[in-house]
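Next comes start13.txt, with compact mmCIF, C-alpha atoms.
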```txt
# COMPACT_ATOMS: atom_id res chain seq x y z
CA MET A 1 129.30 67.67 30.09
CA THR A 2 127.05 66.36 27.30
CA ILE A 3 130.09 65.18 25.33
CA HIS A 4 131.42 63.31 28.35
CA LEU A 5 128.07 61.61 28.91
CA LYS A 6 127.87 60.57 25.26
CA THR A 7 131.40 59.21 25.43
CA ALA A 8 130.60 57.24 28.59
CA TRP A 9 127.43 55.84 27.05
CA ARG A 10 129.33 54.72 23.91
CA ASN A 11 131.90 52.99 26.12
CA ILE A 12 129.13 51.19 28.01
CA LEU A 13 127.53 50.02 24.77
CA TYR A 14 130.89 48.96 23.37
CA SER A 15 131.78 46.93 26.49
CA ARG A 16 128.42 45.48 27.40
CA ARG A 17 129.69 42.31 28.97
CA GLN A 18 132.19 44.10 31.17
CA THR A 19 129.58 46.68 32.14
CA ILE A 20 127.04 44.02 33.11
CA ALA A 21 129.67 42.08 35.07
CA VAL A 22 130.77 45.16 37.00
CA SER A 23 127.17 46.19 37.67
CA LEU A 24 126.29 42.73 38.98
CA LEU A 25 129.41 42.73 41.15
CA ALA A 26 128.47 46.10 42.62
CA LEU A 27 124.91 44.93 43.28
CA PHE A 28 126.23 41.75 44.90
CA ALA A 29 128.52 43.79 47.16
CA MET A 30 125.68 46.07 48.28
CA ALA A 31 123.31 43.14 48.81
CA LEU A 32 125.89 41.20 50.83
CA MET A 33 126.59 44.15 53.12
CA SER A 34 122.87 44.83 53.58
CA ILE A 35 122.04 41.18 54.30
CA ALA A 36 124.90 40.86 56.78
CA SER A 37 123.75 44.00 58.61
CA PHE A 38 120.07 42.94 58.58
CA LEU A 39 120.69 39.37 59.74
CA GLY A 40 123.15 40.45 62.40
CA ARG A 41 120.78 43.04 63.84
CA ASN A 42 117.77 40.72 63.88
CA LEU A 43 119.77 37.86 65.34
CA ARG A 44 121.06 40.07 68.15
CA GLU A 45 117.55 41.35 68.90
CA GLY A 46 116.10 37.81 68.86
CA LEU A 47 118.74 36.37 71.19
CA THR A 48 118.43 39.33 73.57
CA ALA A 49 114.63 39.05 73.71
CA ALA A 50 114.78 35.28 74.29
CA VAL A 51 117.21 35.50 77.21
CA GLU A 52 115.56 38.47 78.99
CA PRO A 53 113.27 36.39 81.26
CA PHE A 54 116.15 34.17 82.41
CA ASP A 55 118.21 36.06 84.99
CA MET A 56 119.81 32.88 86.34
CA LEU A 57 119.43 29.17 85.66
CA VAL A 58 120.09 26.22 87.92
CA GLY A 59 120.44 22.86 86.21
CA ARG A 60 122.89 20.28 84.93
CA GLY A 61 125.59 20.36 82.30
CA GLY A 62 127.71 23.05 80.70
CA SER A 63 126.45 26.59 80.34
CA TYR A 64 125.93 26.38 76.57
CA GLN A 65 123.93 23.17 76.75
CA MET A 66 121.81 24.41 79.66
CA VAL A 67 120.98 27.68 77.88
CA LEU A 68 120.38 25.98 74.53
CA ASN A 69 117.98 23.51 76.09
CA THR A 70 116.20 25.72 78.62
CA VAL A 71 116.15 29.16 76.96
CA PHE A 72 115.92 28.11 73.31
CA LEU A 73 114.17 24.74 73.76
CA GLN A 74 116.76 22.96 71.61
CA ASP A 75 118.94 19.90 72.15
CA TYR A 76 118.51 17.55 75.11
CA PRO A 77 118.95 18.17 78.85
CA ALA A 78 122.20 17.00 80.40
CA GLY A 79 120.26 15.57 83.35
CA ASN A 80 117.84 16.42 86.13
CA ILE A 81 118.21 18.01 89.55
CA PRO A 82 116.21 17.29 92.73
CA TYR A 83 112.97 19.23 93.16
CA ARG A 84 113.94 20.11 96.75
CA LEU A 85 116.23 22.81 95.32
CA VAL A 86 113.14 24.82 94.30
CA GLY A 87 112.03 25.07 97.93
CA GLU A 88 115.60 25.76 99.04
CA LEU A 89 115.96 28.67 96.60
CA ASN A 90 112.51 30.08 97.35
CA GLY A 91 113.44 30.13 101.01
CA ASP A 92 116.66 32.05 100.36
CA PRO A 93 116.33 35.80 101.09
CA ARG A 94 118.63 36.54 98.18
CA ILE A 95 116.04 35.08 95.78
CA ARG A 96 112.77 36.70 94.73
CA ARG A 97 111.45 33.68 92.90
CA ALA A 98 112.48 30.21 91.76
CA ILE A 99 110.35 28.54 89.10
CA PRO A 100 110.72 24.85 88.22
CA LEU A 101 110.93 23.67 84.61
CA ALA A 102 110.52 20.00 83.70
CA PHE A 103 111.04 18.75 80.15
CA GLY A 104 110.62 15.27 78.74
CA ASP A 105 107.36 15.18 76.76
CA ASN A 106 106.01 16.74 73.60
CA HIS A 107 102.78 17.11 71.66
CA ARG A 108 103.28 16.68 67.91
CA GLY A 109 106.84 18.00 68.27
CA TYR A 110 105.96 20.99 70.47
CA ARG A 111 107.77 20.81 73.77
CA ILE A 112 105.68 20.42 76.93
CA VAL A 113 106.99 22.43 79.87
CA GLY A 114 106.06 21.26 83.36
CA THR A 115 106.06 24.20 85.76
CA ASP A 116 103.85 25.97 88.32
CA VAL A 117 101.48 28.92 87.96
CA SER A 118 104.07 31.41 89.24
CA ILE A 119 105.57 31.45 85.76
CA PHE A 120 102.59 33.47 84.52
CA SER A 121 103.40 36.35 86.87
CA HIS A 122 107.12 36.27 86.14
CA PHE A 123 108.59 39.51 84.82
CA ALA A 124 111.49 39.70 82.39
CA ALA A 125 114.38 42.13 82.85
CA ASN A 126 112.32 44.85 81.15
CA ALA A 127 109.36 44.94 83.52
CA ASP A 128 107.75 47.85 81.62
CA ARG A 129 106.38 45.31 79.15
CA GLY A 130 104.38 43.56 81.84
CA PRO A 131 104.54 39.82 82.59
CA TRP A 132 106.68 37.70 80.31
CA LEU A 133 103.75 35.40 79.47
CA ARG A 134 100.48 37.27 78.80
CA PHE A 135 97.10 35.75 77.98
CA VAL A 136 94.99 36.63 74.97
CA ARG A 137 92.33 34.06 75.85
CA GLY A 138 91.53 31.83 78.78
CA ALA A 139 93.41 31.53 82.06
CA PRO A 140 96.37 29.70 83.69
CA PHE A 141 96.07 26.01 84.46
CA SER A 142 94.76 25.22 87.93
CA PRO A 143 97.31 23.72 90.35
CA GLY A 144 97.08 19.92 90.26
CA SER A 145 94.89 19.89 87.13
CA ARG A 146 95.39 18.40 83.68
CA GLU A 147 94.99 21.72 81.95
CA ALA A 148 97.42 23.22 79.46
CA VAL A 149 98.35 26.74 78.40
CA VAL A 150 99.66 26.96 74.83
CA GLY A 151 102.01 29.49 73.28
CA SER A 152 100.87 31.70 70.41
CA GLY A 153 102.91 29.78 67.83
CA THR A 154 101.67 26.41 69.02
CA ALA A 155 98.04 27.57 68.95
CA ALA A 156 98.40 29.03 65.46
CA ASP A 157 100.26 26.06 63.98
CA LEU A 158 97.97 23.39 65.44
CA GLY A 159 94.72 25.37 65.37
CA LEU A 160 94.19 24.88 69.10
CA LYS A 161 91.47 26.75 71.00
CA ILE A 162 90.11 26.84 74.54
CA GLY A 163 88.59 23.47 75.52
CA ASP A 164 90.54 21.40 72.98
CA SER A 165 92.27 18.22 74.13
CA LEU A 166 95.86 17.25 73.49
CA VAL A 167 97.88 14.13 74.30
CA SER A 168 101.51 14.19 75.36
CA SER A 169 104.17 11.84 73.98
CA HIS A 170 107.36 10.77 75.68
CA GLY A 171 110.52 12.43 74.38
CA PHE A 172 111.18 15.58 72.38
CA VAL A 173 110.12 14.48 68.90
CA PRO A 174 106.86 12.99 67.60
CA GLY A 175 106.51 9.21 67.64
CA GLY A 176 107.19 8.49 71.29
CA GLU A 177 104.92 6.57 73.62
CA GLU A 178 101.68 8.51 74.04
CA HIS A 179 100.00 9.08 77.40
CA GLU A 180 96.54 8.51 75.96
CA GLN A 181 94.89 7.90 79.32
CA THR A 182 95.83 11.35 80.64
CA PRO A 183 95.02 14.01 78.02
CA TYR A 184 95.26 17.74 78.68
CA VAL A 185 92.53 20.33 78.11
CA VAL A 186 93.55 23.76 76.82
CA SER A 187 92.71 26.40 79.43
CA GLY A 188 94.57 29.38 78.00
CA ILE A 189 96.33 30.79 74.95
CA LEU A 190 99.24 33.21 75.26
CA ALA A 191 100.23 36.31 73.36
CA SER A 192 103.56 36.20 71.56
CA CYS A 193 106.56 36.59 73.86
CA ARG A 194 108.87 37.05 70.84
CA GLY A 195 110.88 33.98 71.69
CA PRO A 196 111.13 30.17 71.60
CA TYR A 197 108.41 29.75 74.25
CA ASP A 198 105.82 30.85 71.69
CA ARG A 199 106.06 27.22 70.56
CA ALA A 200 105.74 25.65 74.02
CA ILE A 201 102.90 24.07 75.98
CA PHE A 202 102.75 24.78 79.72
CA VAL A 203 101.29 22.27 82.18
CA ASP A 204 101.35 21.70 85.93
CA ILE A 205 104.58 19.95 86.86
CA ARG A 206 102.70 17.37 88.92
CA SER A 207 101.01 16.10 85.77
CA ILE A 208 104.47 15.39 84.31
CA TRP A 209 105.43 13.36 87.35
CA GLU A 210 102.14 11.46 87.32
CA ALA A 211 102.53 10.61 83.63
CA HIS A 212 105.91 9.07 84.43
CA GLY A 213 104.77 7.07 87.43
CA LEU A 214 105.46 9.58 90.22
CA HIS A 215 102.67 10.95 92.40
CA GLY A 216 102.13 14.69 92.48
CA ASP A 217 101.07 14.70 96.12
CA HIS A 218 102.45 13.12 99.27
CA ASP A 219 99.72 11.93 101.61
CA GLY A 220 97.35 14.30 99.89
CA GLU A 221 99.29 17.39 100.92
CA THR A 222 101.18 19.92 98.89
CA GLU A 223 103.84 22.38 99.87
CA LYS A 224 102.95 26.06 99.94
CA ILE A 225 105.47 28.55 98.59
CA SER A 226 105.38 31.73 100.61
CA GLY A 227 103.96 34.70 98.77
CA ARG A 228 106.48 37.43 98.22
CA ASP A 229 106.72 40.54 96.11
CA ASP A 230 108.43 39.89 92.79
CA GLY A 231 110.05 43.29 92.86
CA ASP A 232 107.59 44.86 90.46
CA GLY A 233 104.73 45.44 92.84
CA HIS A 234 103.05 42.12 92.09
CA PRO A 235 102.93 39.87 95.14
CA GLU A 236 102.38 36.21 94.43
CA GLU A 237 100.76 33.40 96.31
CA ASN A 238 100.65 30.06 94.65
CA GLU A 239 100.90 26.37 95.35
CA ALA A 240 103.99 24.64 94.16
CA ALA A 241 104.51 20.96 93.66
CA PRO A 242 105.07 18.83 96.74
CA ASN A 243 108.16 18.19 98.77
CA ASP A 244 110.91 16.35 96.93
CA GLU A 245 110.12 12.76 97.80
CA GLY A 246 109.88 9.63 95.72
CA GLY A 247 112.53 10.78 93.24
CA ARG A 248 110.75 13.86 91.94
CA GLU A 249 113.07 15.98 89.83
CA VAL A 250 113.13 19.01 87.55
CA THR A 251 115.20 19.77 84.48
CA ALA A 252 116.07 23.34 85.45
CA ILE A 253 115.04 26.21 87.72
CA MET A 254 114.48 29.79 86.60
CA VAL A 255 115.89 32.02 89.33
CA LYS A 256 115.15 35.73 89.78
CA PRO A 257 117.62 37.18 92.29
CA ALA A 258 116.81 40.01 94.69
CA GLY A 259 120.01 41.85 93.74
CA PHE A 260 123.36 41.58 91.98
CA ALA A 261 125.40 41.03 95.14
CA GLY A 262 123.26 38.08 96.22
CA ALA A 263 123.31 36.65 92.71
CA TYR A 264 127.10 36.51 92.60
CA GLN A 265 127.23 35.07 96.10
CA LEU A 266 124.95 32.25 94.93
CA TYR A 267 127.09 31.76 91.84
CA ALA A 268 130.18 31.33 93.99
CA GLU A 269 128.36 28.89 96.28
CA PHE A 270 127.10 26.74 93.40
CA ASN A 271 130.62 26.46 92.02
CA SER A 272 131.42 24.19 94.95
CA ARG A 273 128.18 22.18 94.84
CA ARG A 274 127.81 18.78 93.19
CA ASP A 275 124.02 18.51 92.96
CA ALA A 276 123.49 21.36 90.44
CA ASP A 277 125.15 24.09 88.40
CA LEU A 278 124.25 27.79 88.14
CA VAL A 279 124.72 29.96 85.06
CA PHE A 280 123.91 33.48 83.91
CA PRO A 281 122.27 32.99 80.49
CA ALA A 282 122.96 36.60 79.46
CA GLN A 283 126.70 35.95 79.75
CA VAL A 284 126.38 32.89 77.54
CA VAL A 285 124.46 34.87 74.92
CA VAL A 286 127.09 37.63 75.01
CA ARG A 287 129.73 35.02 74.18
CA LEU A 288 127.54 33.67 71.38
CA LEU A 289 127.07 37.16 69.98
CA SER A 290 130.81 37.68 70.07
CA ILE A 291 131.29 34.56 67.94
CA LEU A 292 128.48 35.55 65.59
CA GLY A 293 129.92 39.06 65.37
CA GLN A 294 133.09 37.63 63.85
CA ALA A 295 131.04 35.91 61.14
CA ASP A 296 129.11 39.16 60.61
CA TRP A 297 132.39 41.04 60.19
CA LEU A 298 133.62 38.45 57.67
CA LEU A 299 130.50 38.84 55.51
CA GLN A 300 130.82 42.61 55.58
CA ALA A 301 134.51 42.36 54.70
CA ILE A 302 133.64 40.22 51.67
CA GLY A 303 131.04 42.80 50.67
CA TYR A 304 133.54 45.66 50.93
CA ALA A 305 136.10 43.66 48.93
CA ALA A 306 133.53 43.00 46.19
CA GLY A 307 132.67 46.72 46.17
CA ALA A 308 136.36 47.63 45.83
CA ILE A 309 136.78 45.22 42.90
CA ALA A 310 133.70 46.71 41.23
CA ALA A 311 135.08 50.22 41.74
```

Could I get this structure in the form of structure tokens?
Amino acid sequence: MTIHLKTAWRNILYSRRQTIAVSLLALFAMALMSIASFLGRNLREGLTAAVEPFDMLVGRGGSYQMVLNTVFLQDYPAGNIPYRLVGELNGDPRIRRAIPLAFGDNHRGYRIVGTDVSIFSHFAANADRGPWLRFVRGAPFSPGSREAVVGSGTAADLGLKIGDSLVSSHGFVPGGEEHEQTPYVVSGILASCRGPYDRAIFVDIRSIWEAHGLHGDHDGETEKISGRDDGDGHPEENEAAPNDEGGREVTAIMVKPAGFAGAYQLYAEFNSRRDADLVFPAQVVVRLLSILGQADWLLQAIGYAAGAIAA
């Protein structure tokens, strides 16, 4: 055995360049396979965690664009839908909860999300983790107020704390027209939700309408959404924005169905509607993962090929 080892060592010393090249090739193969596996696993976990709170979405445009804009806060909305659909869905017995989402403004590049306070008691698919959006400091914005709740990433990046003021700008990137006369005051800071909404700012949807010239109330009255159990033992009672009058619109609606049968009935009904589209974000993410899985397989195949050449 000693003779064989000495012979192998002499061969390595005699062919240094070839030995180094083969060693580097072997290391490259192992690194490529490890990186492909690591990136693929983390990407799958990240996409799954991001889509968990979104059982169904009602909005405009194709499924990919709607999910990219609403779930991942990327790209631009395809259009708006009438706010009256929120009341319609909340009044449907097949729906546990419908939460409005209105996009269109930002603060220093961080997207402002107009919604109502029901979003803070919304549970993702895995209800064991508690509410999707949890507070580490402060409290939700008050209905009708100019208060803001900031995600953990937004608070960390901008150094925001309770009581700080922030000004919204029109559009999705910095540099738009600022609404200087109507600043927001930070009322709460959220814990990380392990998704894109860590970098969001939540405000009352009526403040979005008011900033764009629409009144949040009609004759001083607001519509009351009936309190109902969200399915996890947490009944909700909250004020929503007013009836859909004066052109009030939302970008999308988060919909939590009461059951699978009702969800697919709604899906079939929305296929024949012209005022909005309905998608299952999880299905869109599954298709994305299928596409990404092919790229993952290609990287691993290259790694195996490099390993075979090294061998």

For the point (101.8, 22.0, 83.7) in the file's frame, write as an mmCIF file with C-alpha atoms, in the coordinates of the input all residues with an atom no more than 7 Å away, counting only C-alpha atoms.
```
data_model
loop_
_atom_site.group_PDB
_atom_site.id
_atom_site.type_symbol
_atom_site.label_atom_id
_atom_site.label_comp_id
_atom_site.auth_asym_id
_atom_site.auth_seq_id
_atom_site.Cartn_x
_atom_site.Cartn_y
_atom_site.Cartn_z
ATOM 1 C CA VAL A 113 106.990 22.430 79.870
ATOM 2 C CA GLY A 114 106.060 21.260 83.360
ATOM 3 C CA THR A 115 106.060 24.200 85.760
ATOM 4 C CA ASP A 116 103.850 25.970 88.320
ATOM 5 C CA ALA A 148 97.420 23.220 79.460
ATOM 6 C CA PHE A 202 102.750 24.780 79.720
ATOM 7 C CA VAL A 203 101.290 22.270 82.180
ATOM 8 C CA ASP A 204 101.350 21.700 85.930
ATOM 9 C CA ILE A 205 104.580 19.950 86.860
ATOM 10 C CA SER A 207 101.010 16.100 85.770
#
```

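Interatomic distance, atom CA of A:Glu147 to atom CA of A:Thr70: 21.8 Å.
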
Residue nearest A:Glu177 - candidates A:Val250, A:Ala211, A:Val286, A:Val149, atoms counted: all atoms listed in the file: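 Closest to A:Glu177, using all atoms listed in the file: A:Ala211.
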
Distance in Å - atom CA of A:Gly138 versus atom CA of A:Ile189: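 Pair atom CA of A:Gly138 / atom CA of A:Ile189 returns 6.2 Å.
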
Best match for closeness to A:Ser152 among A:Ala139, A:Val173, A:Val67, A:Ala191, counting all atoms listed in the file: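 Selected residue with least distance to A:Ser152: A:Ala191.
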
Nearest to A:His179, chosen from A:Ile208, A:Ala155, A:Ala268, A:Ile20, with all atoms listed in the file counted in the distances: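 Of the candidates, the smallest distance to A:His179 is held by A:Ile208.
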
Spatial neighbours of A:Met254, 10 Å, all atoms listed in the file, chain gap at least 6 places, as a list in words: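 Counting only the stated atoms, we get Pro53, Phe54, Asp55, Met56, Leu57, Val58, Gly59, Thr70, Val71, Val86, Arg97, Ala98, Ile99, Pro100, Leu101, Ile119 and His122 of chain A.
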
Please, could you write that set of residues out with C-alpha atoms as a PDB file, in the frame of the given file?
```pdb
ATOM      1  CA  PRO A  53     113.270  36.390  81.260  1.00  0.00           C
ATOM      2  CA  PHE A  54     116.150  34.170  82.410  1.00  0.00           C
ATOM      3  CA  ASP A  55     118.210  36.060  84.990  1.00  0.00           C
ATOM      4  CA  MET A  56     119.810  32.880  86.340  1.00  0.00           C
ATOM      5  CA  LEU A  57     119.430  29.170  85.660  1.00  0.00           C
ATOM      6  CA  VAL A  58     120.090  26.220  87.920  1.00  0.00           C
ATOM      7  CA  GLY A  59     120.440  22.860  86.210  1.00  0.00           C
ATOM      8  CA  THR A  70     116.200  25.720  78.620  1.00  0.00           C
ATOM      9  CA  VAL A  71     116.150  29.160  76.960  1.00  0.00           C
ATOM     10  CA  VAL A  86     113.140  24.820  94.300  1.00  0.00           C
ATOM     11  CA  ARG A  97     111.450  33.680  92.900  1.00  0.00           C
ATOM     12  CA  ALA A  98     112.480  30.210  91.760  1.00  0.00           C
ATOM     13  CA  ILE A  99     110.350  28.540  89.100  1.00  0.00           C
ATOM     14  CA  PRO A 100     110.720  24.850  88.220  1.00  0.00           C
ATOM     15  CA  LEU A 101     110.930  23.670  84.610  1.00  0.00           C
ATOM     16  CA  ILE A 119     105.570  31.450  85.760  1.00  0.00           C
ATOM     17  CA  HIS A 122     107.120  36.270  86.140  1.00  0.00           C
TER      18      HIS A 122
END
```
